[in-house]
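Source file: run12.txt; contents: compact mmCIF, C-alpha atoms.
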# COMPACT_ATOMS: atom_id res chain seq x y z
CA MET A 1 118.79 98.85 101.86
CA LYS A 2 116.00 99.76 104.23
CA HIS A 3 114.32 96.65 105.65
CA ILE A 4 110.55 96.40 105.56
CA LYS A 5 108.72 95.47 108.76
CA GLY A 6 105.05 94.85 109.41
CA LEU A 7 102.16 94.17 107.07
CA VAL A 8 102.40 94.80 103.33
CA VAL A 9 99.10 94.53 101.52
CA ALA A 10 98.70 92.72 98.22
CA PRO A 11 96.02 95.06 96.83
CA PHE A 12 93.24 94.09 94.49
CA THR A 13 93.09 95.93 91.19
CA ALA A 14 89.80 97.79 90.95
CA PHE A 15 87.79 97.29 87.76
CA LEU A 16 84.76 99.05 86.36
CA SER A 17 81.68 97.05 85.41
CA ASN A 18 82.90 96.94 81.78
CA GLY A 19 86.19 95.36 82.87
CA ASP A 20 88.41 98.44 82.49
CA VAL A 21 90.84 99.38 85.26
CA ASP A 22 89.18 101.76 87.72
CA ILE A 23 92.23 103.95 88.22
CA GLU A 24 90.38 106.48 90.38
CA LYS A 25 90.13 103.93 93.21
CA VAL A 26 93.91 103.81 93.75
CA SER A 27 94.18 106.97 95.85
CA MET A 28 91.33 105.73 98.06
CA GLN A 29 93.01 102.35 98.41
CA LYS A 30 96.25 103.96 99.56
CA LYS A 31 94.38 106.00 102.19
CA TYR A 32 92.44 102.92 103.33
CA TYR A 33 95.61 100.90 103.79
CA LYS A 34 97.52 103.68 105.51
CA ASP A 35 94.56 104.31 107.82
CA ASN A 36 94.88 100.68 108.90
CA GLY A 37 98.58 100.77 109.66
CA LEU A 38 99.89 98.90 106.64
CA ALA A 39 103.57 99.29 105.80
CA GLY A 40 103.27 99.17 102.02
CA ALA A 41 101.71 97.58 98.95
CA PHE A 42 102.80 94.80 96.57
CA VAL A 43 101.19 96.16 93.41
CA CYS A 44 99.87 94.11 90.44
CA GLY A 45 100.73 90.78 92.03
CA THR A 46 98.60 87.65 92.28
CA THR A 47 95.86 89.38 94.25
CA GLY A 48 96.01 92.34 91.89
CA GLU A 49 95.37 90.03 88.91
CA GLY A 50 98.72 91.06 87.45
CA THR A 51 98.74 88.24 84.92
CA ALA A 52 95.41 89.51 83.53
CA LEU A 53 96.72 93.06 83.05
CA THR A 54 98.30 94.48 79.92
CA VAL A 55 101.70 96.21 80.02
CA SER A 56 100.04 99.60 79.51
CA GLU A 57 97.59 98.91 82.35
CA LYS A 58 100.44 97.96 84.69
CA LYS A 59 102.25 101.18 83.80
CA LEU A 60 99.09 103.16 84.48
CA LEU A 61 98.76 101.51 87.88
CA PHE A 62 102.43 101.93 88.77
CA LYS A 63 102.23 105.64 88.01
CA GLU A 64 99.04 106.10 90.02
CA TRP A 65 100.31 104.19 93.05
CA ALA A 66 103.50 106.28 93.01
CA LYS A 67 101.64 109.61 93.14
CA ASP A 68 102.11 111.59 96.36
CA LYS A 69 104.79 109.13 97.44
CA ASP A 70 105.09 108.48 101.17
CA ASP A 71 108.51 107.22 102.28
CA GLU A 72 106.85 105.33 105.14
CA PHE A 73 104.64 103.34 102.75
CA ALA A 74 106.77 101.02 100.59
CA LEU A 75 105.67 100.30 97.02
CA ILE A 76 106.81 97.09 95.33
CA ALA A 77 105.81 96.62 91.68
CA PHE A 78 105.34 93.07 90.45
CA LEU A 79 106.69 92.83 86.90
CA GLY A 80 105.66 89.31 85.88
CA GLY A 81 107.79 86.28 85.17
CA THR A 82 107.65 85.02 81.59
CA SER A 83 109.31 87.67 79.41
CA VAL A 84 112.67 89.16 80.36
CA ARG A 85 112.22 92.13 78.04
CA GLU A 86 108.73 92.88 79.24
CA CYS A 87 109.94 92.75 82.85
CA ILE A 88 112.83 95.10 82.01
CA GLU A 89 110.46 97.53 80.29
CA LEU A 90 108.18 97.55 83.33
CA ALA A 91 111.08 97.79 85.78
CA THR A 92 112.58 100.84 84.11
CA TYR A 93 109.16 102.45 83.95
CA ALA A 94 108.52 101.70 87.64
CA GLU A 95 111.83 103.34 88.49
CA SER A 96 111.00 106.41 86.39
CA VAL A 97 107.72 107.07 88.24
CA GLY A 98 109.15 106.57 91.73
CA ILE A 99 108.19 103.02 92.75
CA ASP A 100 110.46 101.79 95.56
CA ALA A 101 111.22 98.23 94.45
CA VAL A 102 110.38 95.59 91.86
CA ALA A 103 109.71 91.85 91.97
CA VAL A 104 109.53 88.92 89.56
CA THR A 105 108.43 85.34 89.91
CA ALA A 106 109.85 82.18 88.34
CA PRO A 107 108.95 81.66 84.68
CA TYR A 108 106.02 79.25 84.78
CA TYR A 109 105.74 78.22 81.12
CA GLN A 110 109.23 77.82 79.74
CA LYS A 111 110.79 76.93 83.09
CA ALA A 112 114.39 77.40 84.21
CA ALA A 113 116.35 74.14 84.42
CA GLY A 114 117.54 74.94 87.94
CA VAL A 115 118.58 77.66 90.37
CA GLU A 116 121.53 78.73 88.19
CA ASP A 117 119.32 79.56 85.20
CA LEU A 118 116.66 81.07 87.44
CA SER A 119 119.23 83.32 89.08
CA HIS A 120 120.52 84.41 85.66
CA PHE A 121 116.95 85.27 84.63
CA CYS A 122 116.51 87.43 87.73
CA ALA A 123 119.95 89.02 87.38
CA GLU A 124 119.28 90.22 83.83
CA ILE A 125 116.14 92.04 84.96
CA ALA A 126 117.67 93.43 88.16
CA ALA A 127 120.65 94.78 86.22
CA ALA A 128 118.34 97.05 84.23
CA VAL A 129 117.50 98.97 87.44
CA PRO A 130 120.70 98.67 89.51
CA GLU A 131 119.63 101.33 92.02
CA MET A 132 116.26 99.69 92.78
CA PRO A 133 115.75 96.97 95.41
CA PHE A 134 114.88 93.70 93.65
CA TYR A 135 112.75 90.89 95.10
CA PHE A 136 112.10 87.36 93.95
CA TYR A 137 108.49 86.21 94.42
CA HIS A 138 108.29 82.54 95.42
CA ILE A 139 104.79 81.12 94.91
CA PRO A 140 105.19 77.53 93.69
CA CYS A 141 101.49 76.67 94.00
CA LEU A 142 101.03 78.87 90.91
CA THR A 143 104.41 78.68 89.15
CA ASN A 144 104.97 74.97 89.86
CA VAL A 145 108.65 75.83 90.46
CA TYR A 146 109.66 74.18 93.72
CA CYS A 147 113.42 74.70 93.88
CA SER A 148 115.09 75.55 97.19
CA MET A 149 114.92 79.26 97.89
CA TYR A 150 117.96 78.93 100.13
CA ASP A 151 119.98 77.61 97.18
CA LEU A 152 118.58 80.34 94.92
CA LEU A 153 119.31 83.02 97.52
CA LYS A 154 122.93 81.95 97.73
CA ARG A 155 123.29 82.29 93.96
CA MET A 156 121.40 85.58 93.72
CA ASP A 157 123.52 86.96 96.55
CA LYS A 158 126.56 86.62 94.27
CA GLU A 159 124.88 87.79 91.05
CA ILE A 160 122.45 90.57 92.04
CA PRO A 161 123.98 93.53 93.91
CA ASN A 162 120.57 95.18 94.35
CA LEU A 163 118.87 92.05 95.70
CA ALA A 164 116.51 93.00 98.54
CA GLY A 165 114.99 89.63 99.38
CA ILE A 166 112.21 87.17 98.67
CA LYS A 167 108.44 87.27 98.96
CA TYR A 168 108.05 83.75 100.31
CA THR A 169 104.60 82.24 99.69
CA PHE A 170 105.10 78.58 100.51
CA GLU A 171 104.83 76.28 103.51
CA ASN A 172 108.46 75.07 103.72
CA MET A 173 109.30 76.54 107.11
CA MET A 174 112.81 75.10 107.18
CA ASP A 175 113.74 76.64 103.84
CA TYR A 176 112.13 79.90 104.92
CA GLN A 177 114.08 80.04 108.17
CA LEU A 178 117.35 79.31 106.39
CA CYS A 179 116.66 82.20 104.00
CA LEU A 180 115.58 84.47 106.83
CA ASN A 181 118.85 83.96 108.69
CA TYR A 182 121.15 83.99 105.66
CA GLU A 183 124.28 86.07 106.32
CA GLY A 184 122.94 87.53 109.55
CA CYS A 185 119.43 88.28 108.27
CA LYS A 186 120.84 90.25 105.34
CA TYR A 187 117.66 90.16 103.26
CA ASP A 188 113.94 90.82 103.62
CA ILE A 189 112.30 87.39 103.47
CA MET A 190 108.68 88.47 103.55
CA TRP A 191 106.21 85.81 104.64
CA GLY A 192 103.33 85.33 102.21
CA ARG A 193 100.97 82.87 103.90
CA ASP A 194 98.49 84.87 105.98
CA GLU A 195 97.04 81.70 107.47
CA MET A 196 100.45 80.82 108.95
CA MET A 197 101.50 84.18 110.37
CA LEU A 198 101.92 82.90 113.92
CA PRO A 199 104.22 79.98 112.98
CA ALA A 200 106.26 82.40 110.88
CA LEU A 201 106.53 84.84 113.78
CA SER A 202 107.81 82.01 115.94
CA ILE A 203 110.89 81.56 113.75
CA GLY A 204 111.68 85.21 113.26
CA ALA A 205 109.47 86.68 110.51
CA LYS A 206 109.31 90.47 110.60
CA ALA A 207 107.59 91.34 107.30
CA PHE A 208 104.41 89.90 105.81
CA VAL A 209 102.72 90.28 102.43
CA GLY A 210 99.13 89.18 101.90
CA SER A 211 95.72 89.93 100.48
CA THR A 212 93.72 89.49 103.68
CA TYR A 213 95.62 92.34 105.35
CA GLY A 214 93.70 94.59 102.97
CA TYR A 215 90.44 93.93 104.80
CA ASN A 216 91.40 92.25 108.09
CA ALA A 217 94.60 94.09 109.08
CA PRO A 218 93.46 94.77 112.70
CA ILE A 219 93.39 91.09 113.64
CA TYR A 220 96.91 90.54 112.29
CA HIS A 221 98.25 93.60 114.09
CA GLU A 222 96.81 92.13 117.27
CA ILE A 223 98.34 88.71 116.60
CA MET A 224 101.73 90.39 116.22
CA ARG A 225 101.24 92.43 119.40
CA LEU A 226 100.21 89.41 121.45
CA PHE A 227 103.12 87.37 120.13
CA GLY A 228 105.51 90.17 121.06
CA GLU A 229 104.14 90.12 124.60
CA GLY A 230 104.51 86.36 124.85
CA SER A 231 100.73 85.78 124.91
CA ILE A 232 100.93 82.83 122.56
CA ASP A 233 97.61 81.18 123.42
CA GLU A 234 95.72 84.42 122.82
CA ALA A 235 97.58 84.98 119.57
CA ALA A 236 96.69 81.44 118.48
CA ASP A 237 93.03 82.09 119.24
CA LEU A 238 93.07 85.09 116.91
CA GLN A 239 94.97 83.20 114.23
CA LEU A 240 92.17 80.64 114.35
CA ILE A 241 89.56 83.35 113.83
CA ALA A 242 91.56 84.80 110.94
CA ASN A 243 91.80 81.33 109.41
CA LYS A 244 88.06 80.87 109.66
CA PHE A 245 87.72 84.01 107.54
CA ILE A 246 90.32 82.66 105.11
CA ALA A 247 88.49 79.33 104.85
CA PHE A 248 85.61 81.15 103.14
CA LEU A 249 87.99 82.04 100.30
CA GLY A 250 88.14 78.32 99.60
CA LYS A 251 84.40 77.95 99.91
CA TYR A 252 83.58 80.72 97.43
CA GLY A 253 86.50 80.23 95.05
CA ASN A 254 89.15 82.29 93.31
CA GLY A 255 88.12 85.89 93.01
CA SER A 256 86.05 85.96 96.18
CA GLY A 257 88.64 88.11 97.97
CA LYS A 258 87.11 91.20 96.40
CA ALA A 259 83.81 90.26 98.02
CA PHE A 260 85.55 90.46 101.42
CA MET A 261 86.69 93.97 100.52
CA LYS A 262 83.11 94.85 99.65
CA ALA A 263 81.95 93.40 102.97
CA ALA A 264 84.58 95.57 104.66
CA GLY A 265 83.04 98.63 103.04
CA PHE A 266 85.22 99.07 99.96
CA ASP A 267 83.77 97.84 96.66
CA LEU A 268 86.53 97.34 94.04
CA GLY A 269 84.28 95.93 91.33
CA PRO A 270 84.40 92.59 89.49
CA THR A 271 87.31 90.30 88.67
CA ARG A 272 88.57 89.39 85.21
CA PRO A 273 88.08 85.91 83.76
CA PRO A 274 88.97 83.22 84.53
CA LEU A 275 88.43 84.40 88.11
CA HIS A 276 84.85 84.25 89.32
CA THR A 277 82.95 87.34 90.43
CA LEU A 278 80.42 86.41 93.09
CA SER A 279 76.76 86.69 92.11
CA ASP A 280 74.40 88.68 94.32
CA ALA A 281 73.15 85.44 95.86
CA GLU A 282 76.68 84.21 96.53
CA TYR A 283 77.64 87.53 98.08
CA CYS A 284 74.59 87.39 100.38
CA SER A 285 75.64 83.88 101.40
CA LEU A 286 79.14 85.11 102.19
CA ARG A 287 77.75 87.95 104.29
CA GLU A 288 75.68 85.42 106.23
CA ASP A 289 78.78 83.32 106.84
CA LEU A 290 80.75 86.35 108.01
CA ALA A 291 77.91 87.39 110.32
CA GLY A 292 78.55 84.20 112.29
CA LEU A 293 82.10 85.37 113.05
CA PRO A 294 83.49 88.66 114.47
CA PHE A 295 84.27 90.03 111.01
CA GLU A 296 82.88 93.48 111.84
CA LYS A 297 85.16 93.72 114.85
CA TRP A 298 88.31 92.89 112.90
CA ARG A 299 87.67 94.44 109.49
CA CYS A 300 89.54 97.46 108.13
CA ARG A 301 87.94 100.90 108.21
CA PHE A 302 88.76 104.35 107.00
CA ALA A 303 89.99 106.45 109.92
CA ASP A 304 86.96 108.74 109.61
CA ASP A 305 84.59 105.76 110.03
CA ARG A 306 85.94 104.55 113.37
Serialized structure, structure tokens:
Amino acid sequence: MKHIKGLVVAPFTAFLSNGDVDIEKVSMQKKYYKDNGLAGAFVCGTTGEGTALTVSEKKLLFKEWAKDKDDEFALIAFLGGTSVRECIELATYAESVGIDAVAVTAPYYQKAAGVEDLSHFCAEIAAAVPEMPFYFYHIPCLTNVYCSMYDLLKRMDKEIPNLAGIKYTFENMMDYQLCLNYEGCKYDIMWGRDEMMLPALSIGAKAFVGSTYGYNAPIYHEIMRLFGEGSIDEAADLQLIANKFIAFLGKYGNGSGKAFMKAAGFDLGPTRPPLHTLSDAEYCSLREDLAGLPFEKWRCRFADDR
């Protein structure tokens, strides 16, 4: 399987003011991300409010993202993680429209008893699309499933022939490194904590998935370049700036990521409940906060706007 390298965006799902999916924004999103050097998109994931989308809406989005497919821009469709049959339905549909790969997370309501049951869950879904790369999405802060990914990887390696890797969104650097180096770096273990890119680079990370790459990709490209040159102090300085941007996500709450996109010149509309859409006053406050940092320097732009 082709390994992914570089930044993969976790795109927001655009909504109209009435809450419907704004499907016409997808083609513009793809151009925006490609213009900023992103390697692909992880569609309908956490950032994309995948759990708030219906099956028909996910299919609509999968089909739209797959239009005018570019082999240099990888598309991974997030299927969910609670219903095997729903995941299989979405996986087979994703394959039919030309999506590159699929991903599931751990069931977070009726939980697997351990890595054996979790691996079986994944294997049943992956078997429905045996020619498609299959990823497991590890995000225990939301699933509350904290099992060792290294142990799970060893089991999935035996049970899932089309296993491509793990989207690893957790702070356990030891477990991450063990997965990264499993069987001679056999799998894509994509780092999912934007605020810890530099530590991940230091132990061998090559692929990254995150929401902030959708509006601040230039600063992360520069962090990677500086690290590659051995300019660690300079890379750390930029990681600090990136983390100051990220800290505002905590200040303004879940759902405020879309406000960063708006500040970067790309309005993707409101969020769906229970996420909070910033009021006009809150958005003005965020803009004031960003004005105190070099956000304009490091934000994404369409190529024509540079």
Report as a tab-separated table: every residue of segment 117-161 of chain A with an atom at most 12 Å from segment 35-55 of chain A, its closest pair of atoms, and their distance in Å to one decimal, counting all atoms listed in the file, with rows sorted by chain and ascending residue number.
residue	atom	partner	partner_atom	distance
A:Tyr135	CA	A:Phe42	CA	10.8
A:Tyr137	CA	A:Gly45	CA	9.3
A:His138	CA	A:Thr46	CA	11.4
A:Ile139	CA	A:Thr46	CA	9.4
A:Cys141	CA	A:Thr46	CA	11.5
A:Leu142	CA	A:Thr46	CA	9.2
A:Thr143	CA	A:Thr46	CA	11.1
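Atom CA of Ala128 of chain A to atom CA of Phe73 of chain A spans 23.9 Å [interatomic distance, one decimal].
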### Message
I'd like the neighbourhood of Ile203 of chain A as a list of chain:residue names, where a residue qualifies if any of its atoms comes within 9 Å (using only C-alpha atoms), though same-chain residues fewer than 3 positions away should be ignored.
### Response
A:Met173, A:Gln177, A:Leu180, A:Pro199, A:Ala200
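The two atoms in question, atom CA of Gly210 of chain A and atom CA of Glu282 of chain A, are spaced 23.6 Å apart.
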#### Entry: Which of A:Asp289, A:Glu222, A:Glu124, A:Asp233 sits closest to Leu7 of chain A [using only C-alpha atoms]
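The shortest atom-to-atom distance to Leu7 of chain A comes from A:Glu222.
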### Query
Counting all atoms listed in the file, what is within 12 Å of Glu159 of chain A, bar same-chain residues fewer than 4 positions away, as a list in words?
Val115, Glu116, Asp117, Leu118, Ser119, His120, Phe121, Cys122, Ala123, Glu124, Ile125, Ala126, Ala127, Pro130, Phe134, Leu152, Leu153, Lys154, Arg155 and Leu163 of chain A
Selected residues written out with C-alpha atoms, as an mmCIF file, in the coordinates of the input:
data_model
loop_
_atom_site.group_PDB
_atom_site.id
_atom_site.type_symbol
_atom_site.label_atom_id
_atom_site.label_comp_id
_atom_site.auth_asym_id
_atom_site.auth_seq_id
_atom_site.Cartn_x
_atom_site.Cartn_y
_atom_site.Cartn_z
ATOM 1 C CA VAL A 115 118.580 77.660 90.370
ATOM 2 C CA GLU A 116 121.530 78.730 88.190
ATOM 3 C CA ASP A 117 119.320 79.560 85.200
ATOM 4 C CA LEU A 118 116.660 81.070 87.440
ATOM 5 C CA SER A 119 119.230 83.320 89.080
ATOM 6 C CA HIS A 120 120.520 84.410 85.660
ATOM 7 C CA PHE A 121 116.950 85.270 84.630
ATOM 8 C CA CYS A 122 116.510 87.430 87.730
ATOM 9 C CA ALA A 123 119.950 89.020 87.380
ATOM 10 C CA GLU A 124 119.280 90.220 83.830
ATOM 11 C CA ILE A 125 116.140 92.040 84.960
ATOM 12 C CA ALA A 126 117.670 93.430 88.160
ATOM 13 C CA ALA A 127 120.650 94.780 86.220
ATOM 14 C CA PRO A 130 120.700 98.670 89.510
ATOM 15 C CA PHE A 134 114.880 93.700 93.650
ATOM 16 C CA LEU A 152 118.580 80.340 94.920
ATOM 17 C CA LEU A 153 119.310 83.020 97.520
ATOM 18 C CA LYS A 154 122.930 81.950 97.730
ATOM 19 C CA ARG A 155 123.290 82.290 93.960
ATOM 20 C CA LEU A 163 118.870 92.050 95.700
#
### Message
Using Å and a single decimal, report how far atom CA of Tyr220 of chain A sits from atom CA of Pro294 of chain A.
### Response
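Answer for the atom CA of Pro294 of chain A to atom CA of Tyr220 of chain A separation: 13.7 Å.
Remark: for Asp175 of chain A, the closest of the candidate residues A:Ile189, A:Leu293, A:Ala10, A:Leu75 is A:Ile189 (distances computed over only C-alpha atoms).
Using only C-alpha atoms, the residues found no farther than 10 Å from Pro273 of chain A, other than those of its own chain fewer than 3 positions away, are A:Gly19, A:Glu49, A:Ala52, A:Gly255, A:Pro270, A:His276, A:Thr277.
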Would you pick out the contacts of Ala236 of chain A at 8 Å or less, using only C-alpha atoms, so that residues sharing its chain but fewer than 3 positions from it are not included, and give the list as a PDB file with C-alpha atoms, in the coordinates of the input?
ATOM      1  CA  LEU A 198     101.920  82.900 113.920  1.00  0.00           C
ATOM      2  CA  ILE A 223      98.340  88.710 116.600  1.00  0.00           C
ATOM      3  CA  ILE A 232     100.930  82.830 122.560  1.00  0.00           C
ATOM      4  CA  ASP A 233      97.610  81.180 123.420  1.00  0.00           C
ATOM      5  CA  GLN A 239      94.970  83.200 114.230  1.00  0.00           C
ATOM      6  CA  LEU A 240      92.170  80.640 114.350  1.00  0.00           C
TER       7      LEU A 240
END
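Of the residues listed (A:Cys179, A:Leu268, A:Leu286, A:Leu238), A:Leu268 shows the shortest atom-to-atom separation from Glu24 of chain A; distances use all atoms listed in the file.
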### Nearest to Asp157 of chain A, chosen from A:Glu95, A:Tyr182, A:Glu171, A:Thr271, with only C-alpha atoms counted in the distances
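Answer, going by the shortest atom-to-atom distance: A:Tyr182.
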